[in-house]
file final_11.cif (mmCIF, C-alpha atoms and all ligand atoms)
data_my_file
loop_
_atom_site.label_atom_id
_atom_site.label_comp_id
_atom_site.auth_asym_id
_atom_site.auth_seq_id
_atom_site.Cartn_x
_atom_site.Cartn_y
_atom_site.Cartn_z
CA MET A 3 135.48 -194.86 134.06
CA ARG A 4 132.44 -192.77 133.71
CA ARG A 5 132.81 -189.92 131.35
CA LYS A 6 132.29 -186.61 132.99
CA GLU A 7 129.39 -184.86 131.34
CA SER A 8 129.92 -181.26 130.62
CA LYS A 9 127.00 -179.50 132.21
CA PRO A 10 125.94 -176.21 130.67
CA LEU A 11 125.94 -173.20 132.96
CA MET A 12 122.19 -173.09 132.78
CA ASN A 13 119.60 -174.81 130.74
CA ARG A 14 117.36 -173.14 128.25
CA ARG A 15 114.49 -172.67 130.69
CA GLU A 16 116.69 -171.14 133.38
CA PHE A 17 118.17 -168.77 130.81
CA LEU A 18 114.71 -167.69 129.72
CA ASN A 19 113.63 -167.02 133.31
CA LEU A 20 116.76 -165.04 134.04
CA SER A 21 116.22 -162.95 130.92
CA ILE A 22 112.69 -162.12 131.97
CA TYR A 23 113.76 -161.17 135.51
CA ALA A 24 116.60 -159.06 134.17
CA GLY A 25 114.28 -157.37 131.69
CA VAL A 26 111.69 -156.57 134.32
CA GLY A 27 114.38 -155.35 136.72
CA LEU A 28 115.93 -153.14 134.08
CA PHE A 29 112.54 -151.72 133.12
CA TYR A 30 111.63 -151.04 136.75
CA SER A 31 114.93 -149.36 137.61
CA ARG A 32 114.82 -147.34 134.38
CA PHE A 33 111.26 -146.03 134.67
CA SER A 34 110.08 -146.35 138.25
CA LYS A 35 111.71 -143.09 139.27
CA ASN A 36 109.09 -141.33 137.17
CA PHE A 37 106.22 -142.60 139.28
CA PRO A 38 106.94 -142.81 143.02
CA ASP A 39 105.68 -139.38 144.12
CA ARG A 40 102.24 -139.74 142.62
CA VAL A 41 101.87 -143.34 143.78
CA ALA A 42 103.03 -142.49 147.30
CA ALA A 43 100.67 -139.51 147.49
CA VAL A 44 97.73 -141.65 146.48
CA LYS A 45 98.68 -144.37 148.99
CA VAL A 46 99.20 -142.05 151.91
CA GLU A 47 96.55 -139.40 151.58
CA ASN A 48 93.58 -140.70 149.68
CA THR A 49 90.70 -142.70 151.02
CA ILE A 50 88.80 -145.14 148.85
CA ASP A 51 86.19 -142.43 148.51
CA ASP A 52 88.83 -139.99 147.19
CA LEU A 53 90.06 -142.53 144.66
CA PHE A 54 86.49 -143.00 143.46
CA VAL A 55 86.28 -139.24 142.92
CA ILE A 56 89.57 -138.73 141.07
CA ARG A 57 89.35 -141.85 138.90
CA ASN A 58 87.91 -140.19 135.81
CA MET A 59 87.96 -136.56 136.84
CA PRO A 60 88.37 -134.18 133.88
CA VAL A 61 91.19 -131.65 134.05
CA PRO A 62 89.84 -128.09 134.32
CA LYS A 63 90.97 -125.76 131.55
CA ASP A 64 92.31 -123.38 134.21
CA PRO A 65 93.24 -124.22 137.84
CA ILE A 66 91.32 -121.15 139.07
CA LEU A 67 88.15 -123.13 138.29
CA LEU A 68 88.86 -125.46 141.22
CA ARG A 69 90.51 -122.96 143.56
CA ILE A 70 89.18 -123.37 147.09
CA ILE A 71 88.13 -120.10 148.66
CA ASP A 72 86.21 -120.35 151.89
CA ASP A 73 86.46 -119.41 155.59
CA THR A 74 89.82 -121.20 155.91
CA HIS A 75 91.26 -120.70 152.38
CA ALA A 76 91.92 -117.14 151.25
CA ILE A 77 92.82 -115.40 148.03
CA SER A 78 95.07 -112.43 148.77
CA GLU A 79 94.53 -108.90 147.54
CA GLU A 80 97.71 -109.26 145.43
CA GLU A 81 96.44 -112.47 143.84
CA VAL A 82 93.14 -110.82 142.99
CA ALA A 83 95.04 -107.92 141.39
CA GLU A 84 97.45 -110.15 139.46
CA LEU A 85 95.45 -113.27 138.61
CA ILE A 86 91.86 -112.13 138.46
CA GLU A 87 91.47 -108.46 137.63
CA PRO A 88 93.32 -108.59 134.28
CA ARG A 89 90.85 -111.25 133.15
CA LEU A 90 87.65 -109.49 134.18
CA VAL A 91 85.15 -108.26 131.63
CA THR A 92 82.24 -105.89 132.12
CA LEU A 93 79.20 -107.96 131.22
CA SER A 94 77.21 -105.06 129.76
CA ASP A 95 79.94 -104.73 127.09
CA TYR A 96 78.74 -108.11 125.80
CA ASP A 97 75.03 -107.34 125.75
CA ASP A 98 74.72 -108.55 122.17
CA ARG A 99 75.29 -112.09 123.51
CA VAL A 100 71.99 -112.24 125.43
CA ASP A 101 68.58 -111.81 123.79
CA PRO A 102 66.63 -109.63 123.75
CA TYR A 103 67.87 -107.02 126.23
CA GLY A 104 71.45 -108.01 127.03
CA PHE A 105 72.74 -109.39 130.33
CA PRO A 106 70.02 -109.05 132.98
CA LEU A 107 72.00 -107.16 135.62
CA LEU A 108 70.93 -105.42 138.80
CA ASN A 109 74.16 -103.46 138.55
CA GLU A 110 75.24 -102.37 135.06
CA GLU A 111 78.89 -102.34 136.13
CA THR A 112 78.95 -106.03 137.05
CA GLN A 113 82.23 -107.68 136.09
CA ALA A 114 82.93 -111.39 135.65
CA HIS A 115 85.89 -113.62 134.78
CA GLU A 116 86.27 -113.99 131.03
CA LEU A 117 86.37 -117.81 131.40
CA CYS A 118 82.67 -118.01 132.18
CA VAL A 119 81.10 -115.40 129.89
CA ASP A 120 80.18 -117.67 126.93
CA ASP A 121 78.55 -120.32 129.11
CA LEU A 122 76.82 -117.69 131.24
CA ALA A 123 75.32 -116.07 128.14
CA GLU A 124 74.12 -119.40 126.80
CA MET A 125 72.58 -120.36 130.13
CA LEU A 126 70.74 -117.05 130.43
CA ASN A 127 69.53 -117.24 126.81
CA ASP A 128 68.11 -120.73 127.39
CA CYS A 129 66.51 -119.70 130.68
CA ILE A 130 64.94 -116.62 129.05
CA SER A 131 63.77 -118.79 126.11
CA ASP A 132 61.77 -120.77 128.66
CA ASN A 133 59.86 -117.53 129.44
CA LEU A 134 61.74 -116.91 132.67
CA SER A 135 63.43 -113.76 133.98
CA PRO A 136 66.72 -114.57 135.70
CA TYR A 137 68.76 -111.67 137.08
CA ILE A 138 72.39 -111.41 138.11
CA ALA A 139 72.51 -109.61 141.45
CA SER A 140 76.26 -109.80 141.94
CA CYS A 141 79.47 -111.31 140.62
CA PHE A 142 83.05 -110.06 141.07
CA ARG A 143 83.97 -108.20 144.25
CA ASP A 144 87.43 -106.91 145.14
CA HIS A 145 88.58 -106.79 148.77
CA TYR A 146 87.07 -103.35 149.26
CA SER A 147 83.64 -104.18 147.82
CA GLN A 148 83.62 -107.46 149.75
CA GLN A 149 84.12 -105.41 152.93
CA VAL A 150 81.30 -103.06 151.85
CA ALA A 151 79.01 -106.06 151.27
CA LEU A 152 80.00 -107.41 154.68
CA ASP A 153 79.26 -104.09 156.40
CA LYS A 154 75.82 -103.89 154.77
CA VAL A 155 74.66 -107.18 156.26
CA ASN A 156 76.49 -107.01 159.56
CA SER A 157 73.41 -108.07 161.44
CA TYR A 158 73.22 -111.38 159.54
CA GLU A 159 76.38 -112.97 160.84
CA GLY A 160 77.93 -115.43 158.39
CA LEU A 161 75.90 -114.37 155.34
CA VAL A 162 78.82 -112.53 153.77
CA ALA A 163 82.41 -113.78 153.95
CA LEU A 164 85.40 -111.75 155.10
CA PRO A 165 87.50 -110.05 152.38
CA GLY A 166 89.77 -112.66 150.78
CA HIS A 167 87.40 -115.48 151.70
CA SER A 168 84.62 -115.10 149.14
CA GLN A 169 84.32 -116.98 145.86
CA HIS A 170 83.02 -113.69 144.43
CA GLN A 171 86.61 -112.48 144.41
CA THR A 172 87.42 -114.80 141.49
CA GLY A 173 84.73 -113.33 139.22
CA LEU A 174 83.41 -116.87 138.85
CA ALA A 175 80.68 -116.79 141.53
CA PHE A 176 77.22 -115.38 140.85
CA ASP A 177 74.25 -114.44 142.97
CA PHE A 178 71.07 -114.86 140.95
CA THR A 179 67.64 -113.53 141.68
CA SER A 180 64.19 -113.20 140.15
CA PRO A 181 61.27 -110.75 139.91
CA HIS A 182 59.23 -113.43 141.72
CA VAL A 183 61.26 -112.66 144.87
CA TYR A 184 61.35 -108.91 144.21
CA LYS A 185 64.96 -109.28 143.02
CA LEU A 186 66.09 -109.95 146.58
CA VAL A 187 69.02 -112.19 147.51
CA GLY A 188 69.43 -114.30 150.62
CA TRP A 189 67.82 -116.95 152.78
CA LEU A 190 64.67 -114.93 153.31
CA SER A 191 64.09 -114.32 149.60
CA GLY A 192 62.69 -117.78 148.83
CA PHE A 193 64.63 -117.84 145.54
CA GLU A 194 64.78 -121.65 145.65
CA ASN A 195 61.01 -121.78 145.09
CA SER A 196 60.91 -119.21 142.29
CA PRO A 197 60.66 -120.51 138.68
CA GLU A 198 64.15 -119.11 137.98
CA GLY A 199 65.61 -120.74 141.11
CA ILE A 200 64.09 -124.10 140.15
CA TRP A 201 65.31 -123.79 136.54
CA LEU A 202 68.88 -123.04 137.67
CA TYR A 203 68.80 -125.87 140.20
CA LYS A 204 67.89 -128.31 137.41
CA ASN A 205 69.97 -126.91 134.57
CA ALA A 206 72.92 -124.78 135.68
CA PHE A 207 75.35 -127.72 135.67
CA ARG A 208 74.80 -128.18 131.91
CA TYR A 209 76.52 -124.80 131.44
CA GLY A 210 79.30 -125.34 133.98
CA PHE A 211 77.71 -123.81 137.09
CA VAL A 212 77.08 -125.55 140.42
CA GLN A 213 75.64 -124.43 143.74
CA SER A 214 78.49 -123.90 146.20
CA PHE A 215 76.77 -124.27 149.54
CA THR A 216 74.60 -127.35 149.68
CA GLN A 217 75.90 -129.18 152.75
CA ASN A 218 76.54 -126.67 155.48
CA HIS A 219 80.08 -125.85 154.37
CA ASP A 220 81.28 -122.95 156.57
CA ASP A 221 77.87 -123.11 158.26
CA ARG A 222 76.18 -122.07 155.02
CA GLN A 223 73.26 -124.23 154.13
CA ASN A 224 71.45 -124.21 150.79
CA GLU A 225 72.45 -120.86 149.38
CA SER A 226 70.14 -121.45 146.44
CA TRP A 227 71.09 -118.16 144.74
CA HIS A 228 74.91 -118.59 144.82
CA TYR A 229 76.55 -120.50 141.97
CA ILE A 230 80.21 -121.01 141.12
CA TYR A 231 81.46 -121.58 137.58
CA VAL A 232 83.72 -124.65 137.36
CA GLY A 233 83.36 -125.30 133.61
CA ARG A 234 81.13 -127.80 131.85
CA PRO A 235 83.31 -130.95 132.16
CA ILE A 236 83.78 -130.58 135.93
CA ALA A 237 80.15 -129.58 136.56
CA ARG A 238 78.90 -132.61 134.61
CA TYR A 239 81.35 -134.88 136.41
CA TYR A 240 80.26 -133.51 139.79
CA ILE A 241 76.61 -134.19 139.02
CA GLN A 242 77.47 -137.71 137.83
CA LEU A 243 79.23 -138.34 141.17
CA LYS A 244 76.15 -137.10 143.03
CA VAL A 245 73.88 -139.35 140.94
CA LYS A 246 76.14 -142.30 141.84
CA GLY A 247 75.58 -141.48 145.50
CA TRP A 248 78.80 -139.66 146.38
CA ASP A 249 78.03 -137.50 149.41
CA GLY A 250 80.64 -134.74 148.99
CA ASP A 251 79.99 -131.18 147.88
CA ILE A 252 81.88 -129.04 145.37
CA PHE A 253 84.38 -127.98 148.06
CA ASP A 254 85.19 -131.66 148.72
CA LEU A 255 85.75 -132.20 145.01
CA MET A 256 88.01 -129.14 144.86
CA THR A 257 89.95 -130.39 147.91
CA ILE A 258 90.54 -133.84 146.44
CA TYR A 259 91.55 -132.34 143.09
CA ASN A 260 94.01 -129.89 144.65
CA ARG A 261 95.55 -132.59 146.87
CA ASN A 262 96.32 -134.76 143.86
CA TYR A 263 97.13 -132.39 141.05
CA CYS A 264 98.35 -129.08 142.42
ZN ZN B 1 77.17 -115.15 146.56
#
call {"tool": "encode", "arguments": {"input": "final_11.cif", "output": "structure tokens"}}
result
Amino acid sequence: MRRKESKPLMNRREFLNLSIYAGVGLFYSRFSKNFPDRVAAVKVENTIDDLFVIRNMPVPKDPILLRIIDDTHAISEEEVAELIEPRLVTLSDYDDRVDPYGFPLLNEETQAHELCVDDLAEMLNDCISDNLSPYIASCFRDHYSQQVALDKVNSYEGLVALPGHSQHQTGLAFDFTSPHVYKLVGWLSGFENSPEGIWLYKNAFRYGFVQSFTQNHDDRQNESWHYIYVGRPIARYYIQLKVKGWDGDIFDLMTIYNRNYC
């Protein structure tokens, strides 16, 4: 009679496989709940182009730096009062930061967000060191002064945004000008061909500033005088994307950032 062999429940190899599956399963069930939202968001909403943009995007030191404000995205009067106004500084109070005559302002009362003052001063110092004469025509506007600006240029439809819809209301947007264009601002000034306009075009990103309107966003094309401060890491990253051939503008970058991280 043949002796019945006692067969082990599983051999060594089967046991090893089962252990690995169990381990992976346990790991997945234990940790996967931490990930699904982000993964799902990326799968559903982002195009390949978006993924290319967010892959190595630096995190801004303050979310206001990538806040979208345009014809369809507003900042309310309450938000300006609560988020922005407490952080405004009067630039002429910091005149010792810019050689030799202080901040070059068309309006001595110009206020800006404290986040951008150091980089603004350094940019202006370097521009002035190159024997140029940049001027700040305008920065922060509250809802009332935005309406005043709008009323002044009523005949140029679209040149000035409605109250609540201008980047100037963050204190991070600047209109620059130059004596070469008689310190005028706007499409007719020719600022883009002035030495100061050319210098800013080439260098502003090194200090955290980028031109907002380069691709007909909100029907605004090439506002060569209007720059928004996004901080040095984001500005550098944006220029790197452009050099790699990405065809978005700063509003597209803000949109992709906000969709993924806010
Ligand atoms: Zn402007």
call {"tool": "closest_residue", "arguments": {"input": "final_11.cif", "among": "A:Asp98, A:Asp52, A:Glu80, A:Asp64", "to": "Ile236 in chain A", "atoms": "only C-alpha atoms"}}
result
A:Asp64
call {"tool": "closest_residue", "arguments": {"input": "final_11.cif", "among": "A:Leu93, A:Ile71, A:Val183, A:Cys264", "to": "His219 in chain A", "atoms": "all atoms listed in the file"}}
result
A:Ile71
call {"tool": "residues_near_ligand", "arguments": {"input": "final_11.cif", "ligand": "ligand ZN 1 (chain B)", "cutoff": "6 Å", "atoms": "all atoms listed in the file", "output": "ChimeraX atom specification"}}
result
/A:176-177,228
call {"tool": "closest_residue", "arguments": {"input": "final_11.cif", "among": "A:Gln171, A:Asp120, A:Leu67, A:Ser180", "to": "Val212 in chain A", "atoms": "all atoms listed in the file"}}
result
A:Leu67
call {"tool": "residues_around", "arguments": {"input": "final_11.cif", "residues": "Thr74 in chain A", "least_positions_apart": "6", "cutoff": "12 Å", "atoms": "all atoms listed in the file", "output": "NGL selection string"}}
result
:A and (163-168 or 219-220 or 253)
call {"tool": "decode", "arguments": {"input": "final_11.cif", "residues": "range 124-244 of chain A", "atoms": "C-alpha atoms", "output": "mmCIF file, in the first residue's frame"}}
result
data_model
loop_
_atom_site.group_PDB
_atom_site.id
_atom_site.type_symbol
_atom_site.label_atom_id
_atom_site.label_comp_id
_atom_site.auth_asym_id
_atom_site.auth_seq_id
_atom_site.Cartn_x
_atom_site.Cartn_y
_atom_site.Cartn_z
ATOM 1 C CA GLU A 124 16.887 95.837 -6.513
ATOM 2 C CA MET A 125 15.466 95.831 -10.032
ATOM 3 C CA LEU A 126 15.258 99.619 -10.147
ATOM 4 C CA ASN A 127 18.782 99.991 -8.724
ATOM 5 C CA ASP A 128 20.189 97.679 -11.399
ATOM 6 C CA CYS A 129 18.236 99.421 -14.153
ATOM 7 C CA ILE A 130 19.431 102.852 -12.951
ATOM 8 C CA SER A 131 23.013 101.498 -12.713
ATOM 9 C CA ASP A 132 22.762 100.810 -16.439
ATOM 10 C CA ASN A 133 22.240 104.585 -16.930
ATOM 11 C CA LEU A 134 18.510 104.247 -17.486
ATOM 12 C CA SER A 135 15.595 106.166 -15.962
ATOM 13 C CA PRO A 136 12.680 103.855 -15.197
ATOM 14 C CA TYR A 137 9.597 105.379 -13.571
ATOM 15 C CA ILE A 138 6.693 103.822 -11.717
ATOM 16 C CA ALA A 139 3.500 105.380 -13.052
ATOM 17 C CA SER A 140 1.089 103.365 -10.947
ATOM 18 C CA CYS A 141 0.772 100.431 -8.566
ATOM 19 C CA PHE A 142 -1.959 99.756 -5.985
ATOM 20 C CA ARG A 143 -5.495 100.962 -6.663
ATOM 21 C CA ASP A 144 -8.497 100.374 -4.421
ATOM 22 C CA HIS A 145 -11.983 99.975 -5.916
ATOM 23 C CA TYR A 146 -12.564 103.715 -5.887
ATOM 24 C CA SER A 147 -9.288 104.676 -7.570
ATOM 25 C CA GLN A 148 -9.767 101.869 -10.097
ATOM 26 C CA GLN A 149 -13.127 103.460 -10.987
ATOM 27 C CA VAL A 150 -11.429 106.878 -11.249
ATOM 28 C CA ALA A 151 -8.790 105.401 -13.577
ATOM 29 C CA LEU A 152 -11.560 103.795 -15.622
ATOM 30 C CA ASP A 153 -13.489 107.074 -15.897
ATOM 31 C CA LYS A 154 -10.370 108.922 -17.071
ATOM 32 C CA VAL A 155 -9.870 106.679 -20.082
ATOM 33 C CA ASN A 156 -13.486 105.975 -20.897
ATOM 34 C CA SER A 157 -12.895 106.613 -24.555
ATOM 35 C CA TYR A 158 -10.317 103.803 -24.772
ATOM 36 C CA GLU A 159 -12.600 100.872 -24.121
ATOM 37 C CA GLY A 160 -10.826 97.931 -22.502
ATOM 38 C CA LEU A 161 -7.667 99.800 -21.499
ATOM 39 C CA VAL A 162 -8.643 99.925 -17.831
ATOM 40 C CA ALA A 163 -10.405 97.055 -16.058
ATOM 41 C CA LEU A 164 -13.581 97.357 -14.002
ATOM 42 C CA PRO A 165 -13.171 97.740 -10.215
ATOM 43 C CA GLY A 166 -12.410 94.322 -8.717
ATOM 44 C CA HIS A 167 -10.934 93.066 -11.984
ATOM 45 C CA SER A 168 -7.528 94.736 -12.052
ATOM 46 C CA GLN A 169 -4.253 93.199 -10.903
ATOM 47 C CA HIS A 170 -3.432 96.668 -9.565
ATOM 48 C CA GLN A 171 -5.781 95.934 -6.690
ATOM 49 C CA THR A 172 -3.277 93.473 -5.213
ATOM 50 C CA GLY A 173 -0.475 96.046 -4.976
ATOM 51 C CA LEU A 174 1.627 93.623 -7.011
ATOM 52 C CA ALA A 175 1.057 95.098 -10.490
ATOM 53 C CA PHE A 176 3.091 98.020 -11.801
ATOM 54 C CA ASP A 177 2.828 100.346 -14.753
ATOM 55 C CA PHE A 178 6.290 101.535 -15.749
ATOM 56 C CA THR A 179 7.235 104.403 -17.976
ATOM 57 C CA SER A 180 10.237 106.376 -19.159
ATOM 58 C CA PRO A 181 11.306 109.949 -19.987
ATOM 59 C CA HIS A 182 11.867 108.668 -23.543
ATOM 60 C CA VAL A 183 8.076 108.379 -23.900
ATOM 61 C CA TYR A 184 7.385 111.582 -21.945
ATOM 62 C CA LYS A 185 6.406 109.450 -18.934
ATOM 63 C CA LEU A 186 3.233 108.365 -20.711
ATOM 64 C CA VAL A 187 1.557 104.982 -20.241
ATOM 65 C CA GLY A 188 -0.431 102.997 -22.768
ATOM 66 C CA TRP A 189 -0.396 101.534 -26.253
ATOM 67 C CA LEU A 190 0.344 104.862 -27.888
ATOM 68 C CA SER A 191 3.347 105.613 -25.672
ATOM 69 C CA GLY A 192 5.775 103.295 -27.478
ATOM 70 C CA PHE A 193 7.250 102.229 -24.121
ATOM 71 C CA GLU A 194 8.243 98.849 -25.585
ATOM 72 C CA ASN A 195 10.817 100.590 -27.783
ATOM 73 C CA SER A 196 12.257 102.828 -25.063
ATOM 74 C CA PRO A 197 15.567 101.766 -23.443
ATOM 75 C CA GLU A 198 13.738 101.233 -20.136
ATOM 76 C CA GLY A 199 11.008 99.144 -21.793
ATOM 77 C CA ILE A 200 13.616 96.973 -23.506
ATOM 78 C CA TRP A 201 15.621 96.569 -20.281
ATOM 79 C CA LEU A 202 12.533 95.470 -18.336
ATOM 80 C CA TYR A 203 11.488 93.095 -21.106
ATOM 81 C CA LYS A 204 14.890 91.385 -20.900
ATOM 82 C CA ASN A 205 15.500 91.516 -17.159
ATOM 83 C CA ALA A 206 12.340 91.917 -15.067
ATOM 84 C CA PHE A 207 11.890 88.161 -14.604
ATOM 85 C CA ARG A 208 15.231 87.969 -12.757
ATOM 86 C CA TYR A 209 13.609 90.040 -9.993
ATOM 87 C CA GLY A 210 10.262 88.235 -9.968
ATOM 88 C CA PHE A 211 8.278 90.406 -12.401
ATOM 89 C CA VAL A 212 6.601 89.266 -15.618
ATOM 90 C CA GLN A 213 4.496 91.004 -18.245
ATOM 91 C CA SER A 214 0.841 90.090 -17.712
ATOM 92 C CA PHE A 215 -0.659 90.677 -21.119
ATOM 93 C CA THR A 216 1.379 89.089 -23.863
ATOM 94 C CA GLN A 217 -1.158 86.909 -25.666
ATOM 95 C CA ASN A 218 -4.382 88.815 -26.000
ATOM 96 C CA HIS A 219 -5.758 87.752 -22.613
ATOM 97 C CA ASP A 220 -9.002 89.708 -22.072
ATOM 98 C CA ASP A 221 -8.356 91.295 -25.482
ATOM 99 C CA ARG A 222 -5.228 92.977 -24.132
ATOM 100 C CA GLN A 223 -2.249 92.543 -26.354
ATOM 101 C CA ASN A 224 1.328 93.398 -25.423
ATOM 102 C CA GLU A 225 0.835 95.788 -22.550
ATOM 103 C CA SER A 226 4.576 96.370 -22.446
ATOM 104 C CA TRP A 227 4.352 98.718 -19.446
ATOM 105 C CA HIS A 228 2.293 96.455 -17.133
ATOM 106 C CA TYR A 229 4.160 93.935 -14.979
ATOM 107 C CA ILE A 230 2.924 91.658 -12.202
ATOM 108 C CA TYR A 231 5.137 90.482 -9.343
ATOM 109 C CA VAL A 232 4.971 86.697 -8.910
ATOM 110 C CA GLY A 233 8.264 86.249 -7.021
ATOM 111 C CA ARG A 234 11.633 85.148 -8.363
ATOM 112 C CA PRO A 235 11.136 81.343 -8.356
ATOM 113 C CA ILE A 236 7.851 81.491 -10.285
ATOM 114 C CA ALA A 237 9.084 84.170 -12.709
ATOM 115 C CA ARG A 238 12.215 82.136 -13.494
ATOM 116 C CA TYR A 239 10.149 78.979 -13.897
ATOM 117 C CA TYR A 240 7.728 80.764 -16.230
ATOM 118 C CA ILE A 241 10.568 81.978 -18.438
ATOM 119 C CA GLN A 242 12.080 78.476 -18.484
ATOM 120 C CA LEU A 243 8.719 77.107 -19.694
ATOM 121 C CA LYS A 244 8.618 79.749 -22.431
#
